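Engineer: Okay, so here is coords_12.tsv, and as you'll see once you scroll down, it has TSV, C-alpha atoms.
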```tsv
chain	number	residue	atom	x	y	z
A	11	MET	CA	370.65	258.81	99.28
A	12	SER	CA	370.33	255.38	100.92
A	13	ALA	CA	367.86	252.78	99.71
A	14	LEU	CA	365.87	253.17	102.89
A	15	SER	CA	365.82	256.96	103.04
A	16	HIS	CA	363.35	257.34	100.16
A	17	TRP	CA	360.81	254.95	101.71
A	18	ARG	CA	359.12	254.60	105.03
A	19	ALA	CA	356.40	252.30	106.33
A	20	PRO	CA	353.13	254.20	106.75
A	21	ALA	CA	352.74	255.43	110.29
A	22	ARG	CA	349.27	253.93	110.54
A	23	VAL	CA	347.18	251.22	108.89
A	24	GLY	CA	343.61	250.03	109.06
A	25	ALA	CA	340.30	251.77	108.63
A	26	GLY	CA	340.92	255.47	108.67
A	27	HIS	CA	344.61	254.74	109.41
A	28	ARG	CA	343.82	254.70	113.11
A	29	ILE	CA	346.20	251.89	114.12
A	30	PRO	CA	350.00	252.17	113.97
A	31	TRP	CA	351.35	249.47	111.66
A	32	TRP	CA	353.63	248.06	114.33
A	33	LEU	CA	350.68	247.70	116.73
A	34	ALA	CA	348.62	245.95	114.05
A	35	VAL	CA	351.45	243.46	113.42
A	36	THR	CA	351.88	242.95	117.17
A	37	LEU	CA	348.18	242.16	117.63
A	38	ILE	CA	348.27	239.72	114.71
A	39	PHE	CA	351.34	238.04	116.20
A	40	LEU	CA	349.69	237.71	119.61
A	41	GLY	CA	346.48	236.40	118.10
A	42	GLY	CA	348.34	233.77	116.12
A	43	ARG	CA	350.33	232.64	119.13
A	44	VAL	CA	347.21	232.43	121.29
A	45	ALA	CA	345.55	230.19	118.69
A	46	SER	CA	348.59	227.89	118.44
A	47	THR	CA	348.98	227.80	122.22
A	48	ILE	CA	345.39	226.64	122.66
A	49	ILE	CA	345.92	223.86	120.13
A	50	LEU	CA	349.19	222.77	121.76
A	51	VAL	CA	347.72	222.85	125.27
A	52	VAL	CA	344.76	220.71	124.23
A	53	TYR	CA	347.00	218.09	122.65
A	54	ALA	CA	349.41	218.18	125.59
A	55	SER	CA	346.53	217.47	127.97
A	56	VAL	CA	345.90	214.12	126.26
A	57	GLN	CA	349.50	213.27	125.36
A	58	GLY	CA	350.57	209.90	126.68
A	59	GLU	CA	353.98	208.99	128.04
A	60	ASN	CA	356.59	209.02	125.30
A	61	PRO	CA	360.38	208.99	124.84
A	62	TRP	CA	360.58	212.73	125.56
A	63	THR	CA	357.99	213.47	128.26
A	64	SER	CA	355.76	211.95	130.85
A	65	ALA	CA	352.01	211.76	130.27
A	66	GLN	CA	350.20	215.13	130.06
A	67	PRO	CA	353.36	217.27	129.93
A	68	ASN	CA	353.29	221.00	130.52
A	69	LEU	CA	353.29	223.33	127.53
A	70	PHE	CA	357.05	223.95	127.51
A	71	ASP	CA	357.98	220.27	127.71
A	72	PHE	CA	355.41	219.43	125.03
A	73	SER	CA	356.90	222.19	122.88
A	74	SER	CA	360.45	220.82	123.06
A	75	MET	CA	359.99	217.22	121.91
A	76	TRP	CA	361.35	215.51	118.79
A	77	ASP	CA	364.37	217.39	117.38
A	78	GLY	CA	364.16	219.75	120.33
A	79	ARG	CA	365.89	217.03	122.34
A	80	TRP	CA	368.76	216.92	119.85
A	81	TYR	CA	369.23	220.67	120.24
A	82	ASN	CA	369.13	220.18	124.01
A	83	ILE	CA	371.88	217.55	123.78
A	84	ILE	CA	374.03	219.93	121.71
A	85	ALA	CA	373.48	222.79	124.15
A	86	GLU	CA	374.52	220.61	127.06
A	87	GLY	CA	377.33	218.58	125.52
A	88	GLY	CA	378.26	219.90	122.09
A	89	TYR	CA	379.19	217.58	119.21
A	90	PRO	CA	380.93	214.18	119.41
A	91	ASN	CA	384.43	213.66	118.00
A	92	THR	CA	383.47	210.22	116.72
A	93	LEU	CA	380.42	209.06	114.79
A	94	PRO	CA	378.06	206.37	116.10
A	95	TYR	CA	377.72	203.29	113.92
A	96	THR	CA	374.92	200.77	113.58
A	97	ASP	CA	375.45	197.04	114.01
A	98	ASP	CA	375.75	196.64	110.25
A	99	GLY	CA	378.47	199.30	109.98
A	100	HIS	CA	376.51	202.35	108.81
A	101	VAL	CA	376.72	205.84	110.34
A	102	GLY	CA	373.85	206.34	112.77
A	103	GLU	CA	371.91	209.37	113.95
A	104	SER	CA	373.81	212.02	115.93
A	105	GLN	CA	374.10	215.71	116.72
A	106	TRP	CA	376.00	216.38	113.48
A	107	ALA	CA	372.76	216.64	111.53
A	108	PHE	CA	371.86	219.80	113.50
A	109	LEU	CA	373.57	223.15	113.10
A	110	PRO	CA	374.94	225.04	116.12
A	111	VAL	CA	373.58	228.62	116.16
A	112	TYR	CA	370.20	227.90	117.76
A	113	PRO	CA	371.35	225.49	120.53
A	114	MET	CA	374.33	227.69	121.39
A	115	LEU	CA	372.08	230.75	121.60
A	116	VAL	CA	369.68	228.86	123.86
A	117	LYS	CA	372.63	227.75	126.00
A	118	PHE	CA	373.71	231.39	126.37
A	119	ILE	CA	370.22	232.36	127.51
A	120	MET	CA	370.14	229.46	129.96
A	121	VAL	CA	373.45	230.50	131.53
A	122	PHE	CA	372.57	234.19	131.55
A	123	THR	CA	369.02	233.85	132.96
A	124	GLY	CA	368.98	230.46	134.71
A	125	LEU	CA	365.98	229.38	132.63
A	126	PRO	CA	365.57	225.67	131.89
A	127	TRP	CA	366.15	224.39	128.35
A	128	ALA	CA	362.52	224.19	127.26
A	129	VAL	CA	361.61	227.69	128.45
A	130	ALA	CA	364.73	229.28	126.97
A	131	GLY	CA	364.27	227.46	123.65
A	132	VAL	CA	360.61	228.43	123.30
A	133	SER	CA	361.38	232.02	124.32
A	134	ILE	CA	363.99	232.45	121.59
A	135	SER	CA	361.60	231.00	119.02
A	136	LEU	CA	358.89	233.46	120.07
A	137	VAL	CA	361.20	236.47	119.90
A	138	ALA	CA	362.40	235.40	116.45
A	139	ALA	CA	358.80	234.87	115.34
A	140	ALA	CA	357.87	238.38	116.39
A	141	GLY	CA	360.83	239.81	114.50
A	142	THR	CA	359.92	237.76	111.43
A	143	SER	CA	356.40	239.18	111.48
A	144	PHE	CA	357.59	242.79	111.56
A	145	ILE	CA	360.14	242.35	108.76
A	146	LEU	CA	357.71	240.29	106.67
A	147	TYR	CA	355.27	243.21	106.82
A	148	LEU	CA	357.97	245.65	105.73
A	149	LEU	CA	359.12	243.32	102.94
A	150	VAL	CA	355.66	242.81	101.45
A	151	LEU	CA	354.78	246.48	101.82
A	152	ARG	CA	357.98	247.38	100.02
A	153	VAL	CA	357.39	245.11	97.03
A	154	THR	CA	353.60	245.57	96.68
A	155	GLY	CA	352.94	249.07	98.07
A	156	SER	CA	349.82	247.70	99.82
A	157	ALA	CA	349.56	247.87	103.62
A	158	SER	CA	346.46	245.68	103.49
A	159	GLN	CA	348.26	242.96	101.54
A	160	ALA	CA	351.28	243.19	103.85
A	161	LEU	CA	349.14	242.83	106.96
A	162	PHE	CA	347.19	239.89	105.61
A	163	THR	CA	350.44	238.20	104.62
A	164	VAL	CA	351.42	238.39	108.29
A	165	VAL	CA	348.02	236.95	109.23
A	166	LEU	CA	348.54	233.98	106.90
A	167	PHE	CA	352.04	233.49	108.28
A	168	GLN	CA	350.76	233.48	111.87
A	169	VAL	CA	347.94	230.98	111.27
A	170	ALA	CA	349.72	228.73	108.74
A	171	PRO	CA	349.40	224.97	109.31
A	172	VAL	CA	352.98	224.73	110.64
A	173	SER	CA	352.93	228.04	112.55
A	174	PRO	CA	353.21	226.24	115.94
A	175	LEU	CA	356.88	225.98	114.96
A	176	LEU	CA	357.06	229.67	115.83
A	177	GLN	CA	356.83	228.73	119.51
A	178	ILE	CA	358.53	225.33	119.58
A	179	ALA	CA	362.13	224.62	120.61
A	180	TYR	CA	363.27	224.24	117.01
A	181	ALA	CA	365.64	226.37	114.92
A	182	GLU	CA	362.97	227.11	112.29
A	183	SER	CA	361.74	230.36	113.82
A	184	LEU	CA	365.27	231.77	113.88
A	185	GLN	CA	365.89	230.51	110.34
A	186	TRP	CA	362.78	232.28	109.08
A	187	LEU	CA	363.83	235.54	110.73
A	188	LEU	CA	367.18	235.36	108.93
A	189	ILE	CA	365.58	234.49	105.59
A	190	VAL	CA	363.09	237.36	105.64
A	191	SER	CA	365.80	239.78	106.82
A	192	ILE	CA	368.10	238.78	103.94
A	193	LEU	CA	365.27	239.12	101.42
A	194	TYR	CA	364.40	242.55	102.79
A	195	LEU	CA	368.00	243.67	102.49
A	196	LEU	CA	368.04	242.26	98.95
A	197	VAL	CA	365.03	244.43	98.10
A	198	LEU	CA	366.83	247.44	99.62
A	199	ARG	CA	369.96	246.46	97.64
A	200	ARG	CA	372.09	246.29	100.79
A	201	PHE	CA	374.11	243.38	99.44
A	202	VAL	CA	377.13	243.77	101.71
A	203	THR	CA	374.90	244.04	104.78
A	204	MET	CA	373.41	240.64	103.89
A	205	ILE	CA	376.72	238.83	104.23
A	206	PRO	CA	376.86	238.47	108.06
A	207	LEU	CA	373.25	237.22	108.07
A	208	ILE	CA	374.05	234.69	105.35
A	209	LEU	CA	376.88	233.34	107.48
A	210	VAL	CA	374.62	233.00	110.52
A	211	LEU	CA	371.89	231.35	108.45
A	212	ALA	CA	374.35	228.79	107.10
A	213	PHE	CA	375.01	227.64	110.68
A	214	THR	CA	371.35	227.75	111.75
A	215	ARG	CA	369.50	225.53	109.28
A	216	PRO	CA	370.39	223.95	105.92
A	217	GLY	CA	369.33	225.92	102.86
A	218	ALA	CA	371.84	228.73	102.44
A	219	LEU	CA	372.73	227.23	99.06
A	220	ALA	CA	369.25	228.20	97.88
A	221	LEU	CA	370.19	231.80	98.64
A	222	ALA	CA	373.08	231.57	96.18
A	223	LEU	CA	370.67	230.55	93.43
A	224	THR	CA	368.32	233.33	94.50
A	225	PHE	CA	371.10	235.89	94.08
A	226	VAL	CA	372.03	234.46	90.67
A	227	ILE	CA	368.43	234.74	89.46
A	228	TYR	CA	368.12	238.22	90.91
A	229	GLY	CA	371.42	239.30	89.32
A	230	PHE	CA	370.35	237.99	85.92
A	231	TRP	CA	367.06	239.88	86.27
A	232	ARG	CA	368.85	243.11	87.17
A	233	TRP	CA	371.24	242.66	84.23
A	234	ARG	CA	368.38	242.18	81.78
A	235	HIS	CA	366.62	245.31	83.06
A	236	ARG	CA	369.75	247.43	83.50
A	237	ARG	CA	368.58	250.02	80.94
A	238	SER	CA	365.45	250.86	82.93
A	239	ASP	CA	366.99	250.08	86.35
A	240	SER	CA	370.72	250.68	86.49
A	241	PHE	CA	372.93	247.90	87.81
A	242	PRO	CA	376.23	249.67	88.59
A	243	PRO	CA	379.50	247.74	88.97
A	244	GLY	CA	379.60	248.32	92.72
A	245	GLU	CA	376.28	246.56	93.18
A	246	ARG	CA	377.29	243.75	90.85
A	247	TRP	CA	380.47	242.97	92.78
A	248	ALA	CA	378.67	243.23	96.12
A	249	LEU	CA	376.07	240.73	94.89
A	250	VAL	CA	378.85	238.43	93.67
A	251	ALA	CA	380.43	238.60	97.13
A	252	ALA	CA	377.11	237.72	98.79
A	253	THR	CA	376.62	234.82	96.36
A	254	ALA	CA	380.11	233.48	96.99
A	255	THR	CA	379.53	233.75	100.75
A	256	ALA	CA	376.35	231.68	100.46
A	257	VAL	CA	378.16	228.97	98.47
A	258	VAL	CA	381.21	228.78	100.76
A	259	ALA	CA	379.15	228.99	103.95
A	260	SER	CA	376.92	226.16	102.74
A	261	ALA	CA	379.96	223.89	102.58
A	262	ALA	CA	381.50	225.02	105.87
A	263	TRP	CA	379.56	222.71	108.19
A	264	VAL	CA	380.27	219.73	105.95
A	265	VAL	CA	383.99	220.49	106.26
A	266	ILE	CA	383.81	221.07	110.02
A	267	ALA	CA	381.99	217.77	110.60
A	268	GLY	CA	384.45	215.93	108.39
A	269	VAL	CA	387.54	217.40	110.03
A	270	THR	CA	386.25	216.90	113.58
A	271	THR	CA	385.19	213.29	113.13
A	272	GLY	CA	387.83	212.24	110.61
A	273	VAL	CA	385.09	211.12	108.19
A	274	PRO	CA	384.88	213.46	105.17
A	275	THR	CA	381.23	212.55	104.50
A	276	ALA	CA	380.18	212.71	108.18
A	277	TYR	CA	377.45	215.31	107.71
A	278	PHE	CA	375.87	213.63	104.68
A	279	ASP	CA	376.11	210.17	106.23
A	280	THR	CA	374.42	211.44	109.38
A	281	GLU	CA	371.60	213.10	107.43
A	282	LEU	CA	371.07	209.94	105.39
A	283	ALA	CA	370.72	207.89	108.58
A	284	TRP	CA	367.30	209.44	109.16
A	285	ARG	CA	365.88	208.21	105.86
A	286	SER	CA	367.36	204.70	106.22
A	287	ALA	CA	364.23	203.57	108.09
A	288	TYR	CA	362.33	204.06	104.84
A	289	ILE	CA	364.64	203.09	101.98
A	290	GLY	CA	367.78	201.79	103.67
A	291	TYR	CA	371.22	203.36	103.23
A	292	VAL	CA	371.71	204.99	99.84
A	293	GLU	CA	374.01	207.66	98.46
A	294	LEU	CA	372.81	211.23	98.19
A	295	ILE	CA	372.39	211.96	94.48
A	296	PRO	CA	370.65	215.25	93.64
A	297	LEU	CA	367.04	214.96	92.42
A	298	THR	CA	366.77	211.27	93.38
A	299	PRO	CA	365.37	211.53	96.96
A	300	TRP	CA	361.85	212.41	95.77
A	301	LEU	CA	361.93	209.57	93.26
A	302	HIS	CA	363.14	207.16	95.97
A	303	ALA	CA	360.43	208.40	98.33
A	304	LEU	CA	357.61	208.05	95.83
A	305	GLY	CA	358.91	204.62	94.93
A	306	TRP	CA	358.67	203.69	98.62
A	307	TRP	CA	355.46	205.46	99.64
A	308	LEU	CA	353.26	204.43	96.73
A	309	PRO	CA	353.71	200.66	97.29
A	310	ALA	CA	353.34	201.29	101.03
A	311	TRP	CA	349.93	202.81	100.26
A	312	GLY	CA	348.96	199.77	98.22
A	313	VAL	CA	349.73	201.08	94.73
A	314	PRO	CA	350.72	198.17	92.45
A	315	ALA	CA	354.33	198.11	91.25
A	316	ALA	CA	353.26	198.44	87.61
A	317	ALA	CA	351.33	201.62	88.38
A	318	THR	CA	354.16	202.99	90.54
A	319	ALA	CA	356.56	202.87	87.61
A	320	TRP	CA	354.60	205.50	85.67
A	321	LEU	CA	353.05	207.36	88.62
A	322	VAL	CA	356.44	208.39	90.06
A	323	PRO	CA	357.56	210.55	87.10
A	324	MET	CA	354.02	211.88	86.65
A	325	ILE	CA	353.80	213.05	90.26
A	326	PHE	CA	357.26	214.60	90.09
A	327	ALA	CA	356.30	216.41	86.87
A	328	GLY	CA	353.06	217.53	88.52
A	329	ILE	CA	354.99	219.07	91.41
A	330	LEU	CA	357.13	221.03	88.94
A	331	ALA	CA	354.01	222.13	87.05
A	332	LEU	CA	352.40	223.44	90.24
A	333	LEU	CA	355.57	225.35	91.08
A	334	MET	CA	355.63	226.96	87.64
A	335	ALA	CA	351.92	227.78	87.84
A	336	TYR	CA	352.48	229.56	91.13
A	337	LEU	CA	355.54	231.48	89.92
A	338	PHE	CA	353.82	232.78	86.79
A	339	ALA	CA	350.40	233.49	88.30
A	340	PRO	CA	349.42	237.18	88.03
A	341	GLY	CA	349.31	237.56	91.82
A	342	THR	CA	352.80	236.13	92.20
A	343	ARG	CA	354.28	238.31	89.47
A	344	ARG	CA	353.26	241.36	91.52
A	345	VAL	CA	355.25	240.41	94.66
A	346	GLY	CA	358.67	241.19	93.22
A	347	ILE	CA	361.55	239.27	91.71
A	348	GLU	CA	363.21	238.83	95.11
A	349	ILE	CA	360.39	236.77	96.62
A	350	ARG	CA	359.78	234.82	93.42
A	351	ALA	CA	363.48	234.02	93.05
A	352	TRP	CA	363.62	232.75	96.63
A	353	VAL	CA	360.50	230.57	96.25
A	354	LEU	CA	361.88	229.02	93.05
A	355	SER	CA	365.37	228.51	94.49
A	356	TYR	CA	364.28	226.97	97.77
A	357	ALA	CA	361.72	224.73	96.06
A	358	LEU	CA	364.40	223.45	93.67
A	359	TYR	CA	366.72	222.92	96.64
A	360	LEU	CA	364.11	220.73	98.34
A	361	LEU	CA	363.47	218.79	95.15
A	362	ALA	CA	367.20	218.20	94.80
A	363	VAL	CA	368.13	216.96	98.28
A	364	PHE	CA	365.13	216.37	100.55
A	365	PHE	CA	363.52	212.99	101.17
A	366	PRO	CA	359.79	213.70	101.52
A	367	GLN	CA	357.89	212.28	104.47
A	368	SER	CA	355.82	213.83	107.25
A	369	SER	CA	358.42	216.51	107.99
A	370	THR	CA	357.90	217.83	104.45
A	371	PHE	CA	355.34	220.29	105.80
A	372	ARG	CA	357.92	221.77	108.17
A	373	LEU	CA	360.56	221.91	105.44
A	374	LEU	CA	358.16	223.90	103.26
A	375	GLY	CA	358.09	226.62	105.94
A	376	PRO	CA	360.88	228.79	104.45
A	377	LEU	CA	358.62	229.43	101.46
A	378	PHE	CA	356.49	231.68	103.70
A	379	PRO	CA	357.35	234.98	101.91
A	380	GLY	CA	355.42	233.52	98.98
A	381	LEU	CA	352.23	233.86	101.04
A	382	ALA	CA	352.16	237.45	99.83
A	383	ALA	CA	350.73	236.23	96.51
A	384	PHE	CA	347.67	234.83	98.30
A	385	ALA	CA	347.11	237.95	100.39
A	386	ALA	CA	346.11	240.38	97.63
A	387	PRO	CA	342.32	239.81	97.31
A	388	LYS	CA	340.51	241.94	99.86
A	389	HIS	CA	337.04	240.38	100.03
A	390	TRP	CA	336.32	239.40	103.61
A	391	SER	CA	334.92	235.96	102.72
A	392	TYR	CA	338.11	234.98	100.87
A	393	ARG	CA	340.32	236.10	103.71
A	394	LEU	CA	338.15	234.54	106.41
A	395	GLY	CA	338.07	231.29	104.47
A	396	LEU	CA	341.87	231.15	104.24
A	397	VAL	CA	342.23	231.81	107.97
A	398	LEU	CA	339.71	229.13	108.96
A	399	ILE	CA	341.24	226.55	106.61
A	400	SER	CA	344.72	227.36	107.94
A	401	LEU	CA	343.62	226.99	111.55
A	402	ALA	CA	341.93	223.68	110.79
A	403	LEU	CA	345.09	222.39	109.08
A	404	GLN	CA	347.10	223.59	112.07
A	405	VAL	CA	345.01	221.32	114.29
A	406	VAL	CA	345.63	218.47	111.86
A	407	TRP	CA	349.39	219.11	111.74
A	408	VAL	CA	349.81	219.19	115.52
A	409	GLY	CA	347.71	216.07	115.94
A	410	TRP	CA	349.29	214.09	113.12
A	411	CYS	CA	352.92	215.22	113.21
A	412	TRP	CA	353.71	216.73	116.62
A	413	ALA	CA	351.64	214.78	119.13
A	414	ILE	CA	352.98	211.25	119.68
A	415	ASP	CA	350.88	208.12	119.41
A	416	GLY	CA	352.88	205.05	120.36
A	417	SER	CA	355.34	204.02	117.64
A	418	ASP	CA	355.05	207.22	115.64
A	419	TRP	CA	356.06	207.35	111.96
A	420	THR	CA	354.96	210.94	111.47
A	421	PRO	CA	357.81	213.11	112.83
A	422	PRO	CA	357.29	216.85	112.36
```
Kindly transcribe the structure held in the file into structure tokens.

Structural biologist:
Amino acid sequence: MSALSHWRAPARVGAGHRIPWWLAVTLIFLGGRVASTIILVVYASVQGENPWTSAQPNLFDFSSMWDGRWYNIIAEGGYPNTLPYTDDGHVGESQWAFLPVYPMLVKFIMVFTGLPWAVAGVSISLVAAAGTSFILYLLVLRVTGSASQALFTVVLFQVAPVSPLLQIAYAESLQWLLIVSILYLLVLRRFVTMIPLILVLAFTRPGALALALTFVIYGFWRWRHRRSDSFPPGERWALVAATATAVVASAAWVVIAGVTTGVPTAYFDTELAWRSAYIGYVELIPLTPWLHALGWWLPAWGVPAAATAWLVPMIFAGILALLMAYLFAPGTRRVGIEIRAWVLSYALYLLAVFFPQSSTFRLLGPLFPGLAAFAAPKHWSYRLGLVLISLALQVVWVGWCWAIDGSDWTPP
């Protein structure tokens, strides 16, 4: 009997089970996108002229700024064979920092339909966002057994502070669809079926290496509980294959960039170019980017150097403490080892390699399956409060990070 054959989503949810679950998720998705669209339209109406658009751009142009232009360049011209260099001899910014699946998919849609870049890019993000919502519901229902908790998880996902990314010409929406699909297959123990999705994810957005750690944690958990939940050799080897795929696929783009440009460190050098405006050109050493960032931001905010020296390790330790508090909270323990392993793995991945600045909020997006832990309480005031706070923070995020105000140091 297959893993899916002994479980089905309930046909209906809601009061008296009057509403089909798929219709409930669809309505939540539409409601979330309407809210984000209103926020984006309002900000677009007062947006001044900027490097990407004229003043008061339409919704699609406003939704394809920032990194959307890099994806546009890739779709139109691919990747360069040589790296750009700054006047002082360092590798500069280029297409090599962006992975190819999303721009190539948008290019295919453009050729097939004749749609312009911005419309095609936003359309793919919306379709992926809808798919993510459906699979997120199925995932949370599977691990918690609660349709109410699963639905409210989708609500939180749709109104989250960075949820406008679900309809922006970025690769995030597609990345999130792949992540939730892989986690759902992990719950169903379809380890071999995960492998093609892992490969696609590795060429969509960075982070596939976090999946490898997720599988290791999950495998250790299954091994420890093998007496109460058998872990047969076939499943073990399939999980090993999926883990190896995640590791090898994570390195593939680094190799491709190095071979194409003739510079072995091309991908890393290109990524580091973006943080050079803050701390200059430094080598990528795991776990140091957050320390470098705090050492830069705290003095920039007026914190004395003497205080910075002890605040940096304290803040870093505080971040780790918050992560552990979340992982071991009673509500989190009830959402399954698969979601908890992913949250831990991806958070450690960010702590190891990411330089925190205003795009931190966007980079936290892949943690969205962890919203299930906040969706359990059913009291209407708690749930309404979370929705209103999320919507308010969404307004703040679009205004602070997405909308452009002159020389903008708050990229999304």

Engineer: Just to confirm, what's the straight-line distance from CA of Ala252 (chain A) to CA of Ile205 (chain A) in Å (one decimal)?

Structural biologist: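 It comes out at 5.6 Å.
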
Engineer: Each residue of region 319-376 of chain A lying at most 8 Å from region 131-153 of chain A should get a row with its shortest atom-to-atom pair and the distance in Å to one decimal, counting only C-alpha atoms; could you produce that, ordered by chain and increasing number, as a Markdown table?

Structural biologist:
```
| residue | atom | partner | partner_atom | distance |
| --- | --- | --- | --- | --- |
| A:Arg344 | CA | A:Val153 | CA | 7.8 |
| A:Val345 | CA | A:Val153 | CA | 5.7 |
| A:Gly346 | CA | A:Val153 | CA | 5.6 |
```

Engineer: Can you measure CA of Ser74 (chain A) to CA of Ala179 (chain A) for me? One decimal in Å is fine.

Structural biologist: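 Between these atoms lies a distance of 4.8 Å.
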
Engineer: In Å, rounded to a single decimal, give me how far CA of Gly380 (chain A) is from CA of Ala248 (chain A).

Structural biologist: 25.4 Å

Engineer: Which residues are near region 282-296 of chain A? Cut-off 6 Å, all atoms listed in the file, ignore same chain within fewer than 3 positions. Put them as a PyMOL selection string.

Structural biologist: chain A and resi 102-103+279+362-363

Engineer: Identify, on the basis of only C-alpha atoms, every residue whose closest approach to Ile38 (chain A) does not exceed 9 Å; exclude the query and any residue fewer than 3 positions from it along the same chain; express the result as a ChimeraX atom specification.

Structural biologist: /A:33-35,41-43,143,161,164-165,168

Engineer: Measuring atom to atom with only C-alpha atoms, identify which of A:Trp31, A:Ile178, A:Ser46, A:Leu196 is nearest to Phe72 (chain A).

Structural biologist: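 So, comparing all the options, the nearest one is A:Ile178.
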
Engineer: Can you pull out the residues contacting Gly78 (chain A)? Cut-off 9 Å, using all atoms listed in the file, and skip same-chain residues under 2 positions away; I want them as a VMD selection string.

Structural biologist: chain A and resid 73 to 76 80 to 83 128 131 178 to 181

Engineer: Just want the 9 Å neighbourhood of Ile208 (chain A), counted on all atoms listed in the file, with same-chain residues fewer than 2 positions away dropped. Output as number ranges by chain.

Structural biologist: A: 188-189, 192, 204-206, 210-213, 218, 221, 252, 255-256, 259

Engineer: If you keep C-alpha atoms, can you produce a file of those selected residues as a JSON list (two decimals), in the frame of the given file?

Structural biologist:
```json
[["chain", "number", "residue", "atom", "x", "y", "z"],
["A", 188, "LEU", "CA", 367.18, 235.36, 108.93],
["A", 189, "ILE", "CA", 365.58, 234.49, 105.59],
["A", 192, "ILE", "CA", 368.10, 238.78, 103.94],
["A", 204, "MET", "CA", 373.41, 240.64, 103.89],
["A", 205, "ILE", "CA", 376.72, 238.83, 104.23],
["A", 206, "PRO", "CA", 376.86, 238.47, 108.06],
["A", 210, "VAL", "CA", 374.62, 233.00, 110.52],
["A", 211, "LEU", "CA", 371.89, 231.35, 108.45],
["A", 212, "ALA", "CA", 374.35, 228.79, 107.10],
["A", 213, "PHE", "CA", 375.01, 227.64, 110.68],
["A", 218, "ALA", "CA", 371.84, 228.73, 102.44],
["A", 221, "LEU", "CA", 370.19, 231.80, 98.64],
["A", 252, "ALA", "CA", 377.11, 237.72, 98.79],
["A", 255, "THR", "CA", 379.53, 233.75, 100.75],
["A", 256, "ALA", "CA", 376.35, 231.68, 100.46],
["A", 259, "ALA", "CA", 379.15, 228.99, 103.95]]
```

Engineer: Using only C-alpha atoms, which residue out of A:Ala85, A:Ala386, A:Leu301, A:Leu337 lies closest to Pro366 (chain A)?

Structural biologist: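 Looking at the shortest contact to Pro366 (chain A), the residue is A:Leu301.
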
Engineer: Write out as JSON, numbers by chain which residues come within 12 Å of Leu394 (chain A) when counting all atoms listed in the file, dropping same-chain ones fewer than 3 positions away.

Structural biologist: {"A": [162, 165, 166, 169, 385, 387, 388, 389, 390, 391, 397, 398, 399, 400, 401]}

Engineer: Would you put the residues from that selection into a file with C-alpha atoms, as a tab-separated table (two decimals), in the coordinates of the input?

Structural biologist:
```
chain	number	residue	atom	x	y	z
A	162	PHE	CA	347.19	239.89	105.61
A	165	VAL	CA	348.02	236.95	109.23
A	166	LEU	CA	348.54	233.98	106.90
A	169	VAL	CA	347.94	230.98	111.27
A	385	ALA	CA	347.11	237.95	100.39
A	387	PRO	CA	342.32	239.81	97.31
A	388	LYS	CA	340.51	241.94	99.86
A	389	HIS	CA	337.04	240.38	100.03
A	390	TRP	CA	336.32	239.40	103.61
A	391	SER	CA	334.92	235.96	102.72
A	397	VAL	CA	342.23	231.81	107.97
A	398	LEU	CA	339.71	229.13	108.96
A	399	ILE	CA	341.24	226.55	106.61
A	400	SER	CA	344.72	227.36	107.94
A	401	LEU	CA	343.62	226.99	111.55
```

Engineer: Taking into account only C-alpha atoms, which residue in the set A:Trp311, A:Trp300, A:Phe70, A:Phe122 is nearest to Leu330 (chain A)?

Structural biologist: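 So, comparing all the options, the nearest one is A:Trp300.
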
Engineer: Go through A:Thr298, A:Gln177, A:Thr224, A:Thr163 and flag the residue nearest Ala382 (chain A), using only C-alpha atoms for the distances.

Structural biologist: A:Thr163

Engineer: Out of A:Leu219, A:Val202, A:Ala413, A:Leu207, which residue has the shortest atom-to-atom distance to Val250 (chain A) when counting only C-alpha atoms?

Structural biologist: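 For Val250 (chain A), the nearest of the given residues is A:Val202.
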
Engineer: Hey, which of A:Arg79, A:Trp233, A:Gln159, A:Gly272 ends up closest to Arg393 (chain A)? Count only C-alpha atoms.

Structural biologist: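 Checking each of A:Arg79, A:Trp233, A:Gln159, A:Gly272 against Arg393 (chain A), counting only C-alpha atoms, the winner is A:Gln159.
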
Engineer: Mind filling out region 111-117 of chain A with N, CA and C atoms and sending it as a CSV table (one decimal), in the frame of the given file?

Structural biologist:
```
chain,number,residue,atom,x,y,z
A,111,VAL,N,373.9,227.3,115.7
A,111,VAL,CA,373.6,228.6,116.2
A,111,VAL,C,372.4,228.6,117.2
A,112,TYR,N,371.4,227.9,116.9
A,112,TYR,CA,370.2,227.9,117.8
A,112,TYR,C,370.5,227.3,119.1
A,113,PRO,N,371.1,226.1,119.2
A,113,PRO,CA,371.4,225.5,120.5
A,113,PRO,C,372.4,226.3,121.3
A,114,MET,N,373.4,226.9,120.7
A,114,MET,CA,374.3,227.7,121.4
A,114,MET,C,373.7,229.0,121.9
A,115,LEU,N,372.8,229.6,121.1
A,115,LEU,CA,372.1,230.8,121.6
A,115,LEU,C,371.2,230.4,122.8
A,116,VAL,N,370.5,229.3,122.7
A,116,VAL,CA,369.7,228.9,123.9
A,116,VAL,C,370.6,228.6,125.1
A,117,LYS,N,371.7,228.0,124.9
A,117,LYS,CA,372.6,227.8,126.0
A,117,LYS,C,373.1,229.1,126.6
```
